[in-house]
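Data file: start_7.cif. Format and content: mmCIF, C-alpha atoms, pLDDT in the B column; chains and numbers go by the auth columns.
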```cif
data_input
#
loop_
_atom_site.group_PDB
_atom_site.id
_atom_site.type_symbol
_atom_site.label_atom_id
_atom_site.label_comp_id
_atom_site.label_asym_id
_atom_site.label_seq_id
_atom_site.Cartn_x
_atom_site.Cartn_y
_atom_site.Cartn_z
_atom_site.B_iso_or_equiv
_atom_site.auth_seq_id
_atom_site.auth_asym_id
ATOM 1 C CA MET A 1 -10.654 4.609 -12.172 36.00 1 A
ATOM 2 C CA LYS A 2 -9.113 3.332 -15.384 36.00 2 A
ATOM 3 C CA SER A 3 -7.124 0.146 -15.776 35.00 3 A
ATOM 4 C CA SER A 4 -4.998 -1.364 -18.488 33.00 4 A
ATOM 5 C CA PHE A 5 -5.891 -4.899 -17.310 32.00 5 A
ATOM 6 C CA SER A 6 -8.571 -6.917 -19.040 32.00 6 A
ATOM 7 C CA HIS A 7 -10.525 -9.538 -17.124 31.00 7 A
ATOM 8 C CA GLU A 8 -8.798 -12.197 -19.249 32.00 8 A
ATOM 9 C CA THR A 9 -5.386 -10.933 -18.106 32.00 9 A
ATOM 10 C CA PHE A 10 -6.222 -10.697 -14.434 34.00 10 A
ATOM 11 C CA LEU A 11 -8.317 -13.810 -13.833 38.00 11 A
ATOM 12 C CA GLY A 12 -7.133 -16.016 -16.637 40.00 12 A
ATOM 13 C CA GLY A 13 -8.913 -16.247 -19.989 41.00 13 A
ATOM 14 C CA GLU A 14 -11.591 -18.944 -20.037 45.00 14 A
ATOM 15 C CA LEU A 15 -12.408 -18.732 -16.323 44.00 15 A
ATOM 16 C CA ALA A 16 -12.990 -14.990 -16.471 47.00 16 A
ATOM 17 C CA ASN A 17 -15.070 -15.145 -19.637 51.00 17 A
ATOM 18 C CA SER A 18 -17.161 -17.984 -18.251 52.00 18 A
ATOM 19 C CA LEU A 19 -17.809 -16.086 -15.008 51.00 19 A
ATOM 20 C CA TYR A 20 -18.701 -12.880 -16.799 51.00 20 A
ATOM 21 C CA GLU A 21 -20.997 -14.614 -19.278 55.00 21 A
ATOM 22 C CA SER A 22 -22.829 -16.497 -16.512 53.00 22 A
ATOM 23 C CA ILE A 23 -23.484 -13.230 -14.694 49.00 23 A
ATOM 24 C CA GLN A 24 -24.722 -11.542 -17.873 52.00 24 A
ATOM 25 C CA LYS A 25 -27.408 -14.242 -18.196 52.00 25 A
ATOM 26 C CA LYS A 26 -28.810 -13.523 -14.734 51.00 26 A
ATOM 27 C CA SER A 27 -31.501 -10.985 -13.975 52.00 27 A
ATOM 28 C CA ARG A 28 -30.428 -7.740 -12.271 53.00 28 A
ATOM 29 C CA GLU A 29 -31.682 -9.015 -8.895 56.00 29 A
ATOM 30 C CA GLN A 30 -29.927 -12.370 -9.311 58.00 30 A
ATOM 31 C CA THR A 31 -26.735 -10.610 -10.345 57.00 31 A
ATOM 32 C CA SER A 32 -26.842 -8.354 -7.292 66.00 32 A
ATOM 33 C CA LEU A 33 -27.281 -11.321 -4.933 73.00 33 A
ATOM 34 C CA PHE A 34 -24.524 -13.273 -6.695 71.00 34 A
ATOM 35 C CA ILE A 35 -22.080 -10.371 -6.461 76.00 35 A
ATOM 36 C CA GLU A 36 -22.880 -9.788 -2.789 82.00 36 A
ATOM 37 C CA SER A 37 -22.342 -13.469 -1.981 86.00 37 A
ATOM 38 C CA GLN A 38 -18.985 -13.471 -3.760 85.00 38 A
ATOM 39 C CA LEU A 39 -17.789 -10.313 -2.008 89.00 39 A
ATOM 40 C CA THR A 40 -18.962 -11.686 1.351 91.00 40 A
ATOM 41 C CA LYS A 41 -16.927 -14.832 0.758 91.00 41 A
ATOM 42 C CA PHE A 42 -13.810 -12.850 -0.191 92.00 42 A
ATOM 43 C CA ILE A 43 -14.058 -10.690 2.944 93.00 43 A
ATOM 44 C CA LYS A 44 -14.666 -13.662 5.274 92.00 44 A
ATOM 45 C CA ASN A 45 -11.768 -15.592 3.745 91.00 45 A
ATOM 46 C CA GLY A 46 -9.426 -12.597 3.944 90.00 46 A
ATOM 47 C CA GLU A 47 -8.902 -12.322 0.182 88.00 47 A
ATOM 48 C CA PRO A 48 -8.427 -8.638 -0.735 86.00 48 A
ATOM 49 C CA ARG A 49 -6.747 -9.510 -4.023 80.00 49 A
ATOM 50 C CA LYS A 50 -9.848 -11.364 -5.204 83.00 50 A
ATOM 51 C CA ILE A 51 -11.943 -8.285 -4.460 85.00 51 A
ATOM 52 C CA ALA A 52 -9.549 -6.240 -6.606 79.00 52 A
ATOM 53 C CA GLU A 53 -9.715 -8.838 -9.377 76.00 53 A
ATOM 54 C CA TYR A 54 -13.492 -8.774 -9.256 75.00 54 A
ATOM 55 C CA VAL A 55 -13.545 -5.011 -9.647 73.00 55 A
ATOM 56 C CA LEU A 56 -11.211 -5.176 -12.640 70.00 56 A
ATOM 57 C CA LEU A 57 -13.261 -7.983 -14.166 66.00 57 A
ATOM 58 C CA PHE A 58 -16.277 -5.700 -14.424 61.00 58 A
ATOM 59 C CA GLU A 59 -14.456 -2.422 -14.927 58.00 59 A
ATOM 60 C CA ASP A 60 -13.507 -3.117 -18.540 50.00 60 A
ATOM 61 C CA ASN A 61 -17.133 -4.039 -19.238 49.00 61 A
ATOM 62 C CA LYS A 62 -18.386 -0.797 -17.664 49.00 62 A
ATOM 63 C CA THR A 63 -20.536 -2.690 -15.143 51.00 63 A
ATOM 64 C CA ASN A 64 -21.120 -0.963 -11.820 55.00 64 A
ATOM 65 C CA LEU A 65 -21.009 -3.717 -9.205 55.00 65 A
ATOM 66 C CA LEU A 66 -22.979 -2.123 -6.390 57.00 66 A
ATOM 67 C CA GLN A 67 -24.665 1.011 -7.672 54.00 67 A
ATOM 68 C CA GLY A 68 -27.241 1.777 -10.282 53.00 68 A
ATOM 69 C CA LYS A 69 -26.667 4.127 -13.185 56.00 69 A
ATOM 70 C CA ASN A 70 -27.090 7.870 -12.639 70.00 70 A
ATOM 71 C CA MET A 71 -26.998 7.486 -8.863 80.00 71 A
ATOM 72 C CA THR A 72 -27.126 10.712 -6.887 89.00 72 A
ATOM 73 C CA LEU A 73 -24.415 11.669 -4.414 90.00 73 A
ATOM 74 C CA GLN A 74 -26.778 11.087 -1.482 91.00 74 A
ATOM 75 C CA ASP A 75 -27.747 7.635 -2.782 90.00 75 A
ATOM 76 C CA ALA A 76 -24.084 6.756 -3.295 90.00 76 A
ATOM 77 C CA LYS A 77 -23.284 7.740 0.286 93.00 77 A
ATOM 78 C CA MET A 78 -26.187 5.658 1.601 93.00 78 A
ATOM 79 C CA THR A 79 -24.909 2.710 -0.430 90.00 79 A
ATOM 80 C CA PHE A 80 -21.473 3.161 1.117 92.00 80 A
ATOM 81 C CA ILE A 81 -22.874 3.290 4.665 94.00 81 A
ATOM 82 C CA SER A 82 -24.893 0.131 4.030 92.00 82 A
ATOM 83 C CA ALA A 83 -21.898 -1.691 2.528 92.00 83 A
ATOM 84 C CA ALA A 84 -19.639 -0.580 5.388 93.00 84 A
ATOM 85 C CA SER A 85 -22.152 -1.773 7.998 94.00 85 A
ATOM 86 C CA ILE A 86 -22.456 -5.189 6.365 93.00 86 A
ATOM 87 C CA THR A 87 -18.680 -5.484 5.931 94.00 87 A
ATOM 88 C CA ARG A 88 -18.145 -4.598 9.588 94.00 88 A
ATOM 89 C CA TYR A 89 -20.571 -7.339 10.634 93.00 89 A
ATOM 90 C CA ILE A 90 -18.967 -9.914 8.315 94.00 90 A
ATOM 91 C CA SER A 91 -15.500 -9.060 9.619 92.00 91 A
ATOM 92 C CA VAL A 92 -16.508 -9.520 13.256 90.00 92 A
ATOM 93 C CA GLU A 93 -18.036 -12.886 12.329 91.00 93 A
ATOM 94 C CA ALA A 94 -14.701 -13.796 10.711 89.00 94 A
ATOM 95 C CA GLY A 95 -12.838 -13.020 13.950 83.00 95 A
ATOM 96 C CA LEU A 96 -11.926 -9.340 13.776 84.00 96 A
ATOM 97 C CA ASN A 97 -11.970 -7.587 17.144 78.00 97 A
ATOM 98 C CA LEU A 98 -15.314 -5.808 17.659 82.00 98 A
ATOM 99 C CA GLN A 99 -13.798 -2.571 18.969 77.00 99 A
ATOM 100 C CA LEU A 100 -11.340 -2.436 16.084 78.00 100 A
ATOM 101 C CA SER A 101 -14.067 -3.158 13.544 85.00 101 A
ATOM 102 C CA ILE A 102 -16.192 -0.312 14.912 86.00 102 A
ATOM 103 C CA ALA A 103 -13.204 2.070 14.934 81.00 103 A
ATOM 104 C CA ILE A 104 -12.448 1.248 11.284 85.00 104 A
ATOM 105 C CA TYR A 105 -16.102 1.779 10.371 89.00 105 A
ATOM 106 C CA ASP A 106 -16.213 5.139 12.141 89.00 106 A
ATOM 107 C CA ALA A 107 -13.012 6.274 10.368 85.00 107 A
ATOM 108 C CA TYR A 108 -14.443 5.391 6.953 89.00 108 A
ATOM 109 C CA ILE A 109 -17.758 7.120 7.645 92.00 109 A
ATOM 110 C CA GLU A 110 -15.840 10.243 8.678 89.00 110 A
ATOM 111 C CA ARG A 111 -13.821 10.163 5.437 88.00 111 A
ATOM 112 C CA LEU A 112 -17.001 9.663 3.384 91.00 112 A
ATOM 113 C CA SER A 113 -18.051 13.270 3.998 89.00 113 A
ATOM 114 C CA SER A 114 -15.146 14.522 1.857 89.00 114 A
ATOM 115 C CA TYR A 115 -16.335 12.676 -1.278 90.00 115 A
ATOM 116 C CA LYS A 116 -18.352 14.627 -3.840 91.00 116 A
ATOM 117 C CA ASP A 117 -18.523 12.194 -6.764 90.00 117 A
ATOM 118 C CA PRO A 118 -20.664 8.984 -6.828 88.00 118 A
ATOM 119 C CA ASP A 119 -18.103 7.137 -8.966 84.00 119 A
ATOM 120 C CA GLU A 120 -15.344 7.913 -6.485 86.00 120 A
ATOM 121 C CA ILE A 121 -17.553 6.619 -3.681 89.00 121 A
ATOM 122 C CA ASN A 122 -18.014 3.372 -5.603 85.00 122 A
ATOM 123 C CA ILE A 123 -14.230 2.943 -5.693 83.00 123 A
ATOM 124 C CA PHE A 124 -14.056 3.881 -2.009 88.00 124 A
ATOM 125 C CA ILE A 125 -16.474 1.032 -1.186 90.00 125 A
ATOM 126 C CA PHE A 126 -14.093 -1.548 -2.587 88.00 126 A
ATOM 127 C CA GLN A 127 -11.097 0.042 -0.901 85.00 127 A
ATOM 128 C CA MET A 128 -12.972 -0.297 2.385 90.00 128 A
ATOM 129 C CA MET A 129 -13.805 -3.947 1.702 92.00 129 A
ATOM 130 C CA MET A 130 -10.203 -4.703 0.754 88.00 130 A
ATOM 131 C CA ASP A 131 -9.012 -3.042 3.962 86.00 131 A
ATOM 132 C CA TYR A 132 -11.241 -5.273 6.107 90.00 132 A
ATOM 133 C CA ALA A 133 -10.277 -8.358 4.066 90.00 133 A
ATOM 134 C CA SER A 134 -6.582 -7.551 4.549 84.00 134 A
ATOM 135 C CA ARG A 135 -7.093 -7.441 8.310 83.00 135 A
ATOM 136 C CA ILE A 136 -8.889 -10.795 8.234 88.00 136 A
ATOM 137 C CA ALA A 137 -6.005 -12.217 6.192 85.00 137 A
ATOM 138 C CA LYS A 138 -3.573 -11.046 8.878 79.00 138 A
ATOM 139 C CA LEU A 139 -5.640 -12.803 11.545 79.00 139 A
ATOM 140 C CA LYS A 140 -5.666 -15.997 9.507 80.00 140 A
ATOM 141 C CA SER A 141 -1.885 -15.815 9.044 76.00 141 A
ATOM 142 C CA ILE A 142 -1.573 -16.623 12.742 75.00 142 A
ATOM 143 C CA SER A 143 -2.191 -20.347 12.587 63.00 143 A
ATOM 144 C CA SER A 144 -2.469 -20.916 16.346 66.00 144 A
ATOM 145 C CA THR A 145 -5.918 -21.329 17.888 68.00 145 A
ATOM 146 C CA HIS A 146 -4.528 -20.808 21.385 82.00 146 A
ATOM 147 C CA PRO A 147 -6.907 -18.311 23.069 83.00 147 A
ATOM 148 C CA LEU A 148 -4.017 -16.268 24.466 90.00 148 A
ATOM 149 C CA ILE A 149 -2.509 -15.839 20.990 89.00 149 A
ATOM 150 C CA LEU A 150 -5.818 -14.656 19.584 83.00 150 A
ATOM 151 C CA GLU A 151 -6.101 -12.228 22.485 87.00 151 A
ATOM 152 C CA ILE A 152 -2.614 -10.869 21.757 91.00 152 A
ATOM 153 C CA VAL A 153 -3.418 -10.452 18.052 88.00 153 A
ATOM 154 C CA ASN A 154 -6.637 -8.606 18.844 83.00 154 A
ATOM 155 C CA ASP A 155 -4.847 -6.380 21.379 88.00 155 A
ATOM 156 C CA VAL A 156 -2.226 -5.439 18.789 90.00 156 A
ATOM 157 C CA SER A 157 -4.969 -4.597 16.260 83.00 157 A
ATOM 158 C CA THR A 158 -6.976 -2.574 18.773 82.00 158 A
ATOM 159 C CA TYR A 159 -4.040 -0.459 19.984 89.00 159 A
ATOM 160 C CA LEU A 160 -2.186 -0.194 16.684 88.00 160 A
ATOM 161 C CA TYR A 161 -2.538 3.609 16.675 88.00 161 A
ATOM 162 C CA THR A 162 -0.507 3.979 19.869 91.00 162 A
ATOM 163 C CA SER A 163 3.153 3.505 20.719 93.00 163 A
ATOM 164 C CA LEU A 164 2.160 -0.072 21.719 93.00 164 A
ATOM 165 C CA SER A 165 5.021 -1.536 23.738 94.00 165 A
ATOM 166 C CA LEU A 166 5.314 -5.119 24.940 96.00 166 A
ATOM 167 C CA SER A 167 4.862 -3.835 28.475 95.00 167 A
ATOM 168 C CA ASP A 168 1.546 -2.195 27.516 95.00 168 A
ATOM 169 C CA ILE A 169 0.196 -5.475 26.157 96.00 169 A
ATOM 170 C CA ALA A 170 1.447 -7.427 29.177 96.00 170 A
ATOM 171 C CA ASP A 171 -0.152 -4.967 31.609 95.00 171 A
ATOM 172 C CA ARG A 172 -3.521 -5.124 29.866 94.00 172 A
ATOM 173 C CA MET A 173 -3.499 -8.917 29.720 94.00 173 A
ATOM 174 C CA GLY A 174 -2.075 -9.518 33.197 95.00 174 A
ATOM 175 C CA TYR A 175 1.004 -11.511 32.182 96.00 175 A
ATOM 176 C CA SER A 176 4.713 -10.747 32.090 96.00 176 A
ATOM 177 C CA LYS A 177 6.024 -9.580 28.731 95.00 177 A
ATOM 178 C CA GLU A 178 8.617 -12.377 28.825 96.00 178 A
ATOM 179 C CA TYR A 179 5.851 -14.981 29.096 96.00 179 A
ATOM 180 C CA LEU A 180 3.827 -13.439 26.280 96.00 180 A
ATOM 181 C CA CYS A 181 6.860 -13.270 23.986 96.00 181 A
ATOM 182 C CA ARG A 182 7.741 -16.873 24.764 96.00 182 A
ATOM 183 C CA ILE A 183 4.261 -18.296 24.160 94.00 183 A
ATOM 184 C CA PHE A 184 3.761 -16.173 21.015 94.00 184 A
ATOM 185 C CA LYS A 185 7.038 -17.489 19.602 94.00 185 A
ATOM 186 C CA SER A 186 6.257 -21.095 20.502 93.00 186 A
ATOM 187 C CA GLN A 187 2.758 -20.968 19.026 90.00 187 A
ATOM 188 C CA THR A 188 3.376 -18.907 15.875 88.00 188 A
ATOM 189 C CA GLY A 189 7.103 -19.064 15.215 89.00 189 A
ATOM 190 C CA LYS A 190 7.128 -15.263 15.130 91.00 190 A
ATOM 191 C CA ASN A 191 8.833 -12.687 17.324 95.00 191 A
ATOM 192 C CA LEU A 192 6.124 -10.634 19.064 96.00 192 A
ATOM 193 C CA HIS A 193 7.991 -7.328 18.817 96.00 193 A
ATOM 194 C CA GLN A 194 8.557 -7.882 15.091 95.00 194 A
ATOM 195 C CA TYR A 195 4.913 -8.860 14.679 94.00 195 A
ATOM 196 C CA ILE A 196 3.847 -5.533 16.203 95.00 196 A
ATOM 197 C CA LEU A 197 6.137 -3.608 13.852 96.00 197 A
ATOM 198 C CA ALA A 198 4.936 -5.618 10.832 93.00 198 A
ATOM 199 C CA SER A 199 1.319 -4.901 11.793 91.00 199 A
ATOM 200 C CA LYS A 200 2.090 -1.186 11.944 94.00 200 A
ATOM 201 C CA VAL A 201 3.849 -1.280 8.565 95.00 201 A
ATOM 202 C CA THR A 202 0.906 -3.165 7.015 89.00 202 A
ATOM 203 C CA GLU A 203 -1.429 -0.484 8.366 87.00 203 A
ATOM 204 C CA ALA A 204 0.895 2.206 7.027 92.00 204 A
ATOM 205 C CA GLN A 205 0.737 0.588 3.597 89.00 205 A
ATOM 206 C CA SER A 206 -3.061 0.890 3.599 81.00 206 A
ATOM 207 C CA MET A 207 -2.795 4.554 4.569 84.00 207 A
ATOM 208 C CA LEU A 208 -0.187 5.207 1.884 89.00 208 A
ATOM 209 C CA ARG A 209 -2.462 3.659 -0.752 81.00 209 A
ATOM 210 C CA TYR A 210 -5.871 4.923 0.309 72.00 210 A
ATOM 211 C CA THR A 211 -5.347 8.256 2.087 75.00 211 A
ATOM 212 C CA ASN A 212 -3.645 11.586 1.458 80.00 212 A
ATOM 213 C CA TYR A 213 -1.888 11.618 4.819 86.00 213 A
ATOM 214 C CA SER A 214 1.740 12.662 4.613 93.00 214 A
ATOM 215 C CA ILE A 215 4.410 10.156 5.598 96.00 215 A
ATOM 216 C CA SER A 216 5.143 12.110 8.771 95.00 216 A
ATOM 217 C CA GLU A 217 1.415 12.101 9.671 93.00 217 A
ATOM 218 C CA ILE A 218 1.227 8.336 9.135 93.00 218 A
ATOM 219 C CA SER A 219 4.308 7.876 11.306 95.00 219 A
ATOM 220 C CA GLU A 220 2.811 9.967 14.085 94.00 220 A
ATOM 221 C CA ASN A 221 -0.639 8.351 13.855 90.00 221 A
ATOM 222 C CA LEU A 222 0.880 4.887 14.220 93.00 222 A
ATOM 223 C CA GLY A 223 2.888 5.810 17.297 94.00 223 A
ATOM 224 C CA PHE A 224 6.418 5.724 15.880 96.00 224 A
ATOM 225 C CA SER A 225 8.925 7.714 17.914 94.00 225 A
ATOM 226 C CA SER A 226 10.029 9.672 14.825 96.00 226 A
ATOM 227 C CA THR A 227 9.630 9.758 11.050 96.00 227 A
ATOM 228 C CA SER A 228 13.161 8.418 10.655 97.00 228 A
ATOM 229 C CA HIS A 229 12.277 5.457 12.893 97.00 229 A
ATOM 230 C CA PHE A 230 9.231 4.811 10.722 97.00 230 A
ATOM 231 C CA HIS A 231 11.366 4.961 7.550 97.00 231 A
ATOM 232 C CA ARG A 232 13.919 2.513 8.956 97.00 232 A
ATOM 233 C CA THR A 233 11.256 0.083 10.139 97.00 233 A
ATOM 234 C CA PHE A 234 9.296 0.233 6.878 97.00 234 A
ATOM 235 C CA ARG A 235 12.400 -0.326 4.768 97.00 235 A
ATOM 236 C CA SER A 236 13.766 -3.134 6.942 96.00 236 A
ATOM 237 C CA LEU A 237 10.499 -5.088 6.662 96.00 237 A
ATOM 238 C CA THR A 238 9.619 -4.404 3.010 96.00 238 A
ATOM 239 C CA GLY A 239 12.885 -3.541 1.286 96.00 239 A
ATOM 240 C CA ILE A 240 11.587 -0.181 0.014 97.00 240 A
ATOM 241 C CA THR A 241 10.801 3.249 1.456 97.00 241 A
ATOM 242 C CA PRO A 242 7.279 4.497 2.236 97.00 242 A
ATOM 243 C CA HIS A 243 7.561 7.052 -0.570 97.00 243 A
ATOM 244 C CA THR A 244 8.479 4.357 -3.097 97.00 244 A
ATOM 245 C CA TYR A 245 5.606 2.167 -1.922 95.00 245 A
ATOM 246 C CA ARG A 246 3.102 5.018 -2.352 93.00 246 A
ATOM 247 C CA LEU A 247 4.145 5.379 -6.000 94.00 247 A
ATOM 248 C CA LEU A 248 3.742 1.679 -6.855 91.00 248 A
ATOM 249 C CA PRO A 249 0.972 0.617 -9.249 86.00 249 A
ATOM 250 C CA PRO A 250 -1.725 -1.395 -7.387 74.00 250 A
ATOM 251 C CA ASN A 251 -0.737 -4.711 -8.978 77.00 251 A
ATOM 252 C CA LYS A 252 2.799 -4.402 -7.533 86.00 252 A
ATOM 253 C CA CYS A 253 1.906 -3.670 -3.906 83.00 253 A
ATOM 254 C CA SER A 254 1.425 -7.302 -2.911 80.00 254 A
ATOM 255 C CA GLN A 255 5.126 -7.925 -3.639 88.00 255 A
ATOM 256 C CA TYR A 256 6.108 -5.851 -0.597 91.00 256 A
ATOM 257 C CA VAL A 257 4.326 -7.530 2.298 87.00 257 A
ATOM 258 C CA PRO A 258 6.277 -7.014 5.543 90.00 258 A
ATOM 259 C CA VAL A 259 8.576 -9.964 6.211 81.00 259 A
ATOM 260 C CA ILE A 260 9.117 -11.179 9.780 75.00 260 A
#
```
Is it possible to give me this structure as structure tokens?
Amino acid sequence: MKSSFSHETFLGGELANSLYESIQKKSREQTSLFIESQLTKFIKNGEPRKIAEYVLLFEDNKTNLLQGKNMTLQDAKMTFISAASITRYISVEAGLNLQLSIAIYDAYIERLSSYKDPDEINIFIFQMMMDYASRIAKLKSISSTHPLILEIVNDVSTYLYTSLSLSDIADRMGYSKEYLCRIFKSQTGKNLHQYILASKVTEAQSMLRYTNYSISEISENLGFSSTSHFHRTFRSLTGITPHTYRLLPPNKCSQYVPVI
């Protein structure tokens, strides 16, 4: 993975140089622990952009953050599995639904089998971490601590890969959909139906960036009634089409967060 960004450009001159120089002075073991603590903090806080910045900080200096030099494919895969397990645990601690966290982990482990290059697996590790961090960020965007709101948010995350109607959520939780919509609006200021659609579009954005699924496959996987419905929803919430989003450079993607 090549990048035209320097660490000075991405993190801001003196800060980036100071951070990099401090790490260079540490022993290999100290550096590893420092990096792990920083990545843990970024995941817990729901800060995927900081993970990306960290990767770019070291990329220009040809420093491999998690893996040793000349790592074999098998070692790289074991490193990924270890990192995914730790990230799953951290995410649950940060509030991510346990079932969802396990499902995400299982999906990544399944995809791991298709990788044949240790360097690509290293990139895949950070994509996985950024995915979890993005989900934590979405949880934190709901400011309410009302237990029913947290239950709704977790239900939406757990059943995101279904058609997921308001009636489905209401039936599982034992309330009327009118009551759930009313309390969600009063506690968060957001429309529950629009929140569901925005969650699906956010998930679609991750799939567009990190998988080779076609747009029609993404639409079907996320339970949209048709590809045209998916296109309309994606464009109404982001201002661009799924195809256009897939072609964006990574540093532009954050400009198209679904708006509700």
Can you list, as number ranges by chain, the residues that the PyMOL selection byres ((chain A and resi 39) around 12) selects here?
-> A: 32-38, 40-55, 65-66, 83, 86-87, 90-91, 125-126, 128-130, 132-133
Mind telling me what the PyMOL selection byres ((chain A and resi 116) around 12) catches here, as a ChimeraX atom specification?
-> /A:72-77,111-115,117-122,124
Expand the PyMOL selection byres ((chain A and resi 180) around 9) into the individual residues it matches in the shown file, reporting them as a ChimeraX atom specification.
-> /A:148-149,152,166,169-170,175-179,181-185,192
Which one is closest to Thr79 of chain A: A:Val153, A:Tyr195, A:Ser141, A:Ile109? Count only C-alpha atoms.
->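 Going through A:Val153, A:Tyr195, A:Ser141, A:Ile109 one by one, the smallest distance to Thr79 of chain A is for A:Ile109.
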So what do you get for atom CA of Asn154 of chain A versus atom CA of Thr202 of chain A, distance-wise?
->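 Interatomic distance, atom CA of Asn154 of chain A to atom CA of Thr202 of chain A: 15.0 Å.
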With distances taken over all atoms listed in the file, which of A:Thr238, A:Tyr213, A:Asp131, A:Ile260 is nearest to Gly189 of chain A?
-> A:Ile260
Rank nothing, just name the residue among A:Ile142, A:Leu197, A:Ala84, A:Val92 nearest to Arg232 of chain A, using all atoms listed in the file.
-> A:Leu197
By how many Å are atom CA of Ala103 of chain A and atom CA of Arg172 of chain A apart?
->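 Separating atom CA of Ala103 of chain A from atom CA of Arg172 of chain A is a distance of 19.2 Å.
Take the candidates A:Asn251, A:Thr241, A:Ser186, A:Ser163 and check each one against Gln205 of chain A using all atoms listed in the file; the shortest distance goes to A:Thr241.
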State, in Å with one decimal place, the distance from atom CA of Phe224 of chain A to atom CA of Thr162 of chain A.
->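 According to the coordinates, atom CA of Phe224 of chain A and atom CA of Thr162 of chain A are separated by 8.2 Å.
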Which residue of A:Met173, A:Ile218, A:Leu208, A:Leu164 approaches Leu248 of chain A most closely, using all atoms listed in the file =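 Nearest to Leu248 of chain A: A:Leu208.
You can rank A:Ser165, A:Asn97, A:Asn70, A:Gln194 by their closest distance to Ile136 of chain A using all atoms listed in the file, and at the top of that list sits A:Asn97.
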